[in-house]
>>> print(open('run-v9.tsv').read())   # TSV, C-alpha atoms
chain	number	residue	atom	x	y	z
G	1	LYS	CA	212.06	302.31	-67.78
G	2	THR	CA	209.22	302.38	-70.32
G	3	ALA	CA	208.71	298.63	-70.04
G	4	PHE	CA	208.38	298.85	-66.26
G	5	GLU	CA	205.90	301.72	-66.55
G	6	ILE	CA	203.75	299.76	-69.01
G	7	THR	CA	203.97	296.67	-66.81
G	8	ASP	CA	202.76	298.63	-63.78
G	9	ARG	CA	199.86	300.03	-65.80
G	10	VAL	CA	198.79	296.59	-67.02
G	11	ASP	CA	199.05	295.26	-63.46
G	12	ASP	CA	196.77	298.08	-62.26
G	13	ILE	CA	194.26	297.24	-64.99
G	14	ALA	CA	194.25	293.62	-63.84
G	15	ARG	CA	193.75	294.72	-60.22
G	16	GLY	CA	190.85	296.95	-61.28
G	17	ALA	CA	189.22	294.12	-63.20
G	18	ALA	CA	189.60	291.87	-60.17
G	19	LEU	CA	187.92	294.44	-57.93
G	20	MET	CA	185.03	294.90	-60.35
G	21	THR	CA	184.39	291.18	-60.64
G	22	GLY	CA	185.14	290.17	-57.07
G	23	THR	CA	187.98	287.99	-58.29
G	24	GLN	CA	191.12	287.08	-56.42
G	25	LEU	CA	194.27	288.10	-58.28
G	26	GLU	CA	197.88	287.05	-57.87
G	27	ILE	CA	200.48	288.68	-60.11
G	28	ILE	CA	203.67	286.71	-60.70
G	29	HIS	CA	206.42	288.19	-62.86
G	30	MET	CA	208.06	285.13	-64.36
G	31	ASP	CA	210.79	286.79	-66.39
G	32	GLY	CA	211.59	289.66	-68.71
G	33	LEU	CA	213.97	290.48	-71.54
G	34	SER	CA	216.18	293.54	-71.79
G	35	ASP	CA	216.33	295.81	-74.81
G	36	TYR	CA	219.26	295.34	-77.18
G	37	ILE	CA	222.27	297.66	-76.75
G	38	PRO	CA	224.27	297.49	-80.02
G	39	ASN	CA	228.02	297.99	-79.71
G	40	GLU	CA	229.00	300.32	-82.54
G	41	THR	CA	232.72	299.55	-82.25
G	42	LEU	CA	232.07	295.82	-82.60
G	43	GLY	CA	229.59	296.44	-85.41
G	44	LYS	CA	232.20	298.31	-87.43
G	45	LEU	CA	234.71	295.51	-86.86
G	46	ILE	CA	232.21	292.94	-88.14
G	47	TYR	CA	231.55	295.12	-91.18
G	48	GLU	CA	235.29	295.15	-91.91
G	49	SER	CA	235.24	291.36	-91.77
G	50	PHE	CA	232.31	291.27	-94.19
G	51	CYS	CA	234.28	293.35	-96.68
G	52	GLU	CA	237.36	291.15	-96.31
G	53	VAL	CA	235.46	287.89	-96.71
G	54	GLY	CA	233.61	289.26	-99.72
G	55	THR	CA	230.25	288.19	-101.09
G	56	PRO	CA	229.14	284.55	-101.43
G	57	ASP	CA	229.85	282.94	-104.78
G	58	TYR	CA	226.56	281.22	-105.60
G	59	THR	CA	226.39	278.64	-108.37
G	60	GLU	CA	223.91	278.83	-111.24
G	61	GLU	CA	222.03	275.91	-109.69
G	62	GLU	CA	221.70	277.73	-106.36
G	63	LEU	CA	220.47	280.90	-108.04
G	64	ALA	CA	217.96	278.86	-110.03
G	65	MET	CA	216.72	277.24	-106.82
G	66	ALA	CA	216.25	280.67	-105.22
G	67	LYS	CA	214.31	281.87	-108.25
G	68	ALA	CA	212.09	278.80	-108.15
G	69	TYR	CA	211.13	279.59	-104.56
G	70	THR	CA	210.66	283.27	-105.39
G	71	ASP	CA	208.20	282.33	-108.12
G	72	THR	CA	205.91	280.92	-105.40
G	73	PHE	CA	205.82	284.20	-103.44
G	74	ASP	CA	203.06	286.77	-103.53
G	75	ALA	CA	204.17	289.52	-105.93
G	76	VAL	CA	203.03	292.34	-103.66
G	77	GLY	CA	204.77	290.81	-100.65
G	78	LEU	CA	207.97	290.31	-102.63
G	79	GLU	CA	207.99	293.93	-103.76
G	80	MET	CA	207.42	295.12	-100.21
G	81	ALA	CA	210.29	292.92	-98.99
G	82	ARG	CA	212.68	294.40	-101.55
G	83	LYS	CA	211.63	297.94	-100.60
G	84	THR	CA	212.11	297.17	-96.91
G	85	ILE	CA	215.59	295.73	-97.47
G	86	ALA	CA	216.55	298.73	-99.59
G	87	LYS	CA	215.29	301.15	-96.94
G	88	ASP	CA	217.02	299.31	-94.09
G	89	ASN	CA	220.28	299.22	-96.03
G	90	ASN	CA	219.95	302.81	-97.22
G	91	VAL	CA	220.26	301.91	-100.90
G	92	ASP	CA	218.01	302.29	-103.93
G	93	VAL	CA	215.47	299.51	-104.41
G	94	SER	CA	216.69	299.02	-107.99
G	95	VAL	CA	219.72	297.21	-106.51
G	96	TYR	CA	217.46	294.27	-105.67
G	97	GLU	CA	215.48	294.09	-108.90
G	98	ASN	CA	215.80	290.65	-110.49
G	99	MET	CA	217.90	289.53	-107.53
G	100	TYR	CA	216.72	286.33	-105.84
G	101	LEU	CA	219.54	285.80	-103.35
G	102	ASP	CA	221.01	288.83	-101.62
G	103	LYS	CA	224.57	288.96	-102.93
G	104	THR	CA	225.36	292.42	-101.60
G	105	ILE	CA	227.22	293.76	-98.58
G	106	ALA	CA	225.04	296.59	-97.35
G	107	PRO	CA	226.75	299.85	-96.33
G	108	TYR	CA	227.42	300.07	-92.60
G	109	ASN	CA	224.39	301.73	-91.05
G	110	HIS	CA	224.33	302.04	-87.25
G	111	GLN	CA	220.69	302.37	-86.13
G	112	PRO	CA	220.58	301.87	-82.35
G	113	GLU	CA	217.00	303.14	-82.04
G	114	LYS	CA	215.56	300.95	-84.81
G	115	PRO	CA	213.42	298.16	-83.36
G	116	MET	CA	214.16	294.62	-84.49
G	117	PRO	CA	211.11	292.35	-84.14
G	118	GLY	CA	211.64	288.81	-82.91
G	119	SER	CA	211.98	286.70	-79.79
G	120	THR	CA	215.50	286.62	-78.37
G	121	ASP	CA	217.36	287.12	-75.12
G	122	VAL	CA	220.37	288.70	-76.82
G	123	GLY	CA	219.35	291.99	-75.21
G	124	ASP	CA	220.23	290.56	-71.80
G	125	VAL	CA	223.66	289.59	-73.14
G	126	SER	CA	224.24	293.07	-74.56
G	127	TYR	CA	224.06	294.52	-71.04
G	128	CYS	CA	226.78	292.13	-69.87
G	129	ALA	CA	229.23	292.15	-72.77
G	130	PRO	CA	229.87	294.05	-76.02
G	131	THR	CA	227.32	292.65	-78.46
G	132	ALA	CA	226.59	293.13	-82.15
G	133	GLN	CA	224.16	291.53	-84.56
G	134	PHE	CA	224.31	291.03	-88.30
G	135	SER	CA	222.27	289.30	-90.96
G	136	ALA	CA	223.34	286.91	-93.68
G	137	ALA	CA	221.18	285.56	-96.49
G	138	THR	CA	220.11	281.95	-95.94
G	139	VAL	CA	216.87	282.08	-97.97
G	140	ALA	CA	215.62	283.83	-101.08
G	141	ILE	CA	214.71	287.51	-100.83
G	142	GLY	CA	211.10	287.94	-99.74
G	143	THR	CA	210.72	284.53	-98.12
G	144	PRO	CA	207.77	284.80	-95.71
G	145	GLY	CA	208.59	283.95	-92.12
G	146	HIS	CA	207.08	280.76	-90.66
G	147	SER	CA	206.21	279.51	-94.14
G	148	TRP	CA	206.71	276.23	-95.95
G	149	GLN	CA	209.16	278.03	-98.24
G	150	GLN	CA	211.30	279.02	-95.26
G	151	THR	CA	211.15	275.51	-93.84
G	152	ALA	CA	212.17	273.93	-97.15
G	153	GLN	CA	215.04	276.36	-97.75
G	154	SER	CA	216.32	275.99	-94.19
G	155	LYS	CA	217.51	272.47	-94.97
G	156	SER	CA	218.78	273.27	-98.45
G	157	VAL	CA	222.18	274.23	-99.81
G	158	LEU	CA	221.07	277.87	-99.70
G	159	ALA	CA	220.90	277.83	-95.92
G	160	HIS	CA	224.16	275.91	-95.66
G	161	GLU	CA	225.97	278.40	-97.89
G	162	GLY	CA	224.59	281.36	-95.95
G	163	THR	CA	225.46	279.83	-92.59
G	164	ASN	CA	229.01	278.98	-93.68
G	165	TYR	CA	229.41	282.52	-94.97
G	166	ALA	CA	228.26	284.00	-91.66
G	167	ALA	CA	230.61	281.65	-89.81
G	168	LYS	CA	233.55	282.95	-91.84
G	169	VAL	CA	232.67	286.53	-90.90
G	170	MET	CA	232.39	285.61	-87.21
G	171	ALA	CA	235.64	283.62	-87.29
G	172	LEU	CA	237.56	286.46	-88.93
G	173	THR	CA	236.19	288.93	-86.38
G	174	GLY	CA	237.27	286.63	-83.57
G	175	LEU	CA	240.72	286.31	-85.14
G	176	LYS	CA	241.04	290.10	-85.12
G	177	PHE	CA	240.55	290.06	-81.34
G	178	ILE	CA	243.19	287.35	-80.92
G	179	GLU	CA	245.71	289.17	-83.08
G	180	ASN	CA	244.89	292.60	-81.63
G	181	PRO	CA	244.12	292.26	-77.89
G	182	GLU	CA	243.82	296.03	-77.55
G	183	LEU	CA	240.54	295.83	-79.47
G	184	VAL	CA	238.90	294.17	-76.46
G	185	ALA	CA	239.39	297.28	-74.31
G	186	LYS	CA	237.95	299.52	-77.04
G	187	HIS	CA	234.76	297.48	-77.23
G	188	TRP	CA	234.35	297.55	-73.47
G	189	GLU	CA	234.87	301.31	-73.52
G	190	ASP	CA	232.00	301.59	-75.99
G	191	LEU	CA	229.76	299.59	-73.65
G	192	GLY	CA	230.84	301.65	-70.63
G	193	ALA	CA	230.14	304.90	-72.50
G	194	LYS	CA	226.46	303.94	-72.51
G	195	ASN	CA	226.56	303.80	-68.70
G	196	ILE	CA	225.88	300.08	-68.70
G	197	HIS	CA	226.99	298.54	-65.40
G	198	VAL	CA	226.11	294.88	-65.00
G	199	ILE	CA	228.08	292.61	-62.67
G	200	ASP	CA	227.98	288.82	-62.67
G	201	LEU	CA	226.80	286.90	-59.62
G	202	ASP	CA	230.38	286.27	-58.53
G	203	GLY	CA	231.05	290.01	-58.49
G	204	THR	CA	233.16	290.10	-61.64
G	205	ILE	CA	232.52	291.52	-65.09
G	206	ASN	CA	232.63	289.08	-67.95
G	207	GLY	CA	235.08	290.28	-70.61
G	208	ILE	CA	233.85	288.28	-73.58
G	209	ALA	CA	232.54	289.95	-76.72
G	210	SER	CA	229.44	288.22	-78.04
G	211	PHE	CA	227.93	287.86	-81.48
G	212	SER	CA	224.39	287.18	-82.60
G	213	ILE	CA	223.46	286.08	-86.08
G	214	ILE	CA	219.97	286.40	-87.45
>>> encode(input="run-v9.tsv", output="structure tokens")
Amino acid sequence: KTAFEITDRVDDIARGAALMTGTQLEIIHMDGLSDYIPNETLGKLIYESFCEVGTPDYTEEELAMAKAYTDTFDAVGLEMARKTIAKDNNVDVSVYENMYLDKTIAPYNHQPEKPMPGSTDVGDVSYCAPTAQFSAATVAIGTPGHSWQQTAQSKSVLAHEGTNYAAKVMALTGLKFIENPELVAKHWEDLGAKNIHVIDLDGTINGIASFSII
């Protein structure tokens, strides 16, 4: 609702500018992305999988590599990153002191109103099927986005280890659905409780739970 109201206001501003300048205006709405509706039931199931898989077992060489990248970061930015992670995970910042790769499993913290910056269409999916997102460490703590450090680490063993770890969590969560079919209904009930009613073009509702990894 808010997005539509803001869009209408911006359109009116454009129309006003066109009138003032004697300019012809054509407004074409190309596309739009829905907000993300997190499925708490699915989120808790993923958290259970995290706890069962356990934390990654990094080698001394991998930890040394992460430290080497961390040494190239701005000290102020690194400190801010650690404080942000601690706040988001609802833990004391001291947990991340002298830690270069996040080796923790953060306490489950459902925050449906917390904005998550980024460009993704996962919000559209969350209106059609139970959807949950989680994060796994693939770079050193404090790595600036869109930086050479992120690019370099993204093709290193650090990224591979983090991706494999996330894949294990996703696979275990999927296995829980296979072994316990009744879980599917519970996740759809959670979606329905939010009064989300989206029907596919063929008139049916897709019953697949989706995952998104960041």
>>> closest_residue(input="run-v9.tsv", among="G:Tyr108, G:Tyr96, G:Phe134, G:Phe73", to="Tyr165 in chain G", atoms="only C-alpha atoms")
G:Phe134
>>> residues_around(input="run-v9.tsv", residues="Asp88 in chain G", least_positions_apart="5", cutoff="12 Å", atoms="all atoms listed in the file", output="ChimeraX atom specification")
/G:81-83,93,106-111,114-116,135
>>> residues_around(input="run-v9.tsv", residues="range 176-181 of chain G", least_positions_apart="2", cutoff="12 Å", atoms="all atoms listed in the file", output="PyMOL selection string")
chain G and resi 42+45-46+48-49+52+169-174+183-188+207-210
>>> axis_aligned_box(input="run-v9.tsv", around="range 1-15 of chain G", padding_each_side="4 Å", output="AutoDock Vina command-line options")
--center_x 202.9 --center_y 298.0 --center_z -65.3 --size_x 26.3 --size_y 16.8 --size_z 18.1
>>> closest_residue(input="run-v9.tsv", among="G:Leu19, G:Leu33, G:Ala75, G:Ile141", to="Thr120 in chain G", atoms="all atoms listed in the file")
G:Leu33
>>> atom_distance(input="run-v9.tsv", atom1="CA of Val76 in chain G", atom2="CA of Asn89 in chain G")
20.1 Å
>>> closest_residue(input="run-v9.tsv", among="G:Asp74, G:Val125, G:Asp190, G:Phe4", to="Gly142 in chain G", atoms="only C-alpha atoms")
G:Asp74
>>> atom_distance(input="run-v9.tsv", atom1="CA of Ala86 in chain G", atom2="CA of Ser154 in chain G")
23.4 Å
>>> atom_distance(input="run-v9.tsv", atom1="CA of Glu161 in chain G", atom2="CA of Gly118 in chain G")
23.2 Å
>>> closest_residue(input="run-v9.tsv", among="G:Asn90, G:Gln149, G:Phe50, G:Ile105", to="Asp71 in chain G", atoms="all atoms listed in the file")
G:Gln149
>>> closest_residue(input="run-v9.tsv", among="G:Val157, G:Leu175, G:Leu101, G:Ile27", to="Thr143 in chain G", atoms="all atoms listed in the file")
G:Leu101
>>> closest_residue(input="run-v9.tsv", among="G:Ala193, G:Met30, G:Cys51, G:Glu97", to="Ile85 in chain G", atoms="all atoms listed in the file")
G:Glu97
>>> decode(input="run-v9.tsv", residues="range 164-184 of chain G", atoms="N, CA, C and O atoms", output="tab-separated table (two decimals), in the first residue's frame")
chain	number	residue	atom	x	y	z
G	164	ASN	N	29.07	-24.50	0.69
G	164	ASN	CA	28.81	-25.91	1.01
G	164	ASN	C	28.08	-26.05	2.34
G	164	ASN	O	27.18	-26.89	2.49
G	165	TYR	N	28.46	-25.22	3.28
G	165	TYR	CA	27.82	-25.24	4.60
G	165	TYR	C	26.35	-24.86	4.48
G	165	TYR	O	25.47	-25.53	5.04
G	166	ALA	N	26.06	-23.80	3.73
G	166	ALA	CA	24.68	-23.37	3.52
G	166	ALA	C	23.88	-24.45	2.80
G	166	ALA	O	22.70	-24.70	3.11
G	167	ALA	N	24.52	-25.13	1.84
G	167	ALA	CA	23.85	-26.19	1.10
G	167	ALA	C	23.47	-27.35	2.02
G	167	ALA	O	22.40	-27.96	1.86
G	168	LYS	N	24.31	-27.65	2.99
G	168	LYS	CA	23.99	-28.71	3.94
G	168	LYS	C	22.75	-28.34	4.77
G	168	LYS	O	21.89	-29.20	5.03
G	169	VAL	N	22.69	-27.08	5.18
G	169	VAL	CA	21.53	-26.63	5.97
G	169	VAL	C	20.26	-26.72	5.14
G	169	VAL	O	19.21	-27.19	5.61
G	170	MET	N	20.33	-26.28	3.88
G	170	MET	CA	19.17	-26.34	3.00
G	170	MET	C	18.75	-27.79	2.72
G	170	MET	O	17.56	-28.12	2.72
G	171	ALA	N	19.73	-28.65	2.49
G	171	ALA	CA	19.44	-30.06	2.20
G	171	ALA	C	18.78	-30.73	3.40
G	171	ALA	O	17.81	-31.50	3.23
G	172	LEU	N	19.29	-30.46	4.59
G	172	LEU	CA	18.71	-31.07	5.78
G	172	LEU	C	17.29	-30.57	6.00
G	172	LEU	O	16.40	-31.35	6.38
G	173	THR	N	17.06	-29.29	5.74
G	173	THR	CA	15.70	-28.75	5.88
G	173	THR	C	14.76	-29.41	4.88
G	173	THR	O	13.63	-29.77	5.22
G	174	GLY	N	15.23	-29.58	3.66
G	174	GLY	CA	14.41	-30.27	2.65
G	174	GLY	C	14.12	-31.70	3.05
G	174	GLY	O	13.01	-32.21	2.83
G	175	LEU	N	15.11	-32.37	3.64
G	175	LEU	CA	14.92	-33.76	4.08
G	175	LEU	C	13.85	-33.84	5.16
G	175	LEU	O	13.07	-34.80	5.20
G	176	LYS	N	13.80	-32.83	6.02
G	176	LYS	CA	12.77	-32.82	7.07
G	176	LYS	C	11.38	-32.79	6.46
G	176	LYS	O	10.44	-33.42	6.98
G	177	PHE	N	11.22	-32.06	5.36
G	177	PHE	CA	9.91	-32.03	4.68
G	177	PHE	C	9.57	-33.39	4.09
G	177	PHE	O	8.42	-33.83	4.13
G	178	ILE	N	10.58	-34.06	3.51
G	178	ILE	CA	10.35	-35.36	2.90
G	178	ILE	C	9.96	-36.39	3.95
G	178	ILE	O	9.05	-37.20	3.76
G	179	GLU	N	10.66	-36.35	5.08
G	179	GLU	CA	10.41	-37.33	6.14
G	179	GLU	C	9.18	-37.00	6.97
G	179	GLU	O	8.61	-37.88	7.62
G	180	ASN	N	8.77	-35.73	6.96
G	180	ASN	CA	7.61	-35.30	7.74
G	180	ASN	C	6.69	-34.46	6.87
G	180	ASN	O	6.67	-33.22	6.97
G	181	PRO	N	5.90	-35.08	6.01
G	181	PRO	CA	5.02	-34.35	5.08
G	181	PRO	C	4.06	-33.40	5.78
G	181	PRO	O	3.64	-32.40	5.18
G	182	GLU	N	3.72	-33.68	7.03
G	182	GLU	CA	2.79	-32.80	7.73
G	182	GLU	C	3.35	-31.40	7.96
G	182	GLU	O	2.60	-30.45	8.19
G	183	LEU	N	4.67	-31.28	7.86
G	183	LEU	CA	5.29	-29.96	8.03
G	183	LEU	C	4.87	-29.00	6.92
G	183	LEU	O	4.78	-27.80	7.14
G	184	VAL	N	4.61	-29.54	5.73
G	184	VAL	CA	4.23	-28.69	4.60
G	184	VAL	C	2.97	-27.90	4.94
G	184	VAL	O	2.88	-26.69	4.71
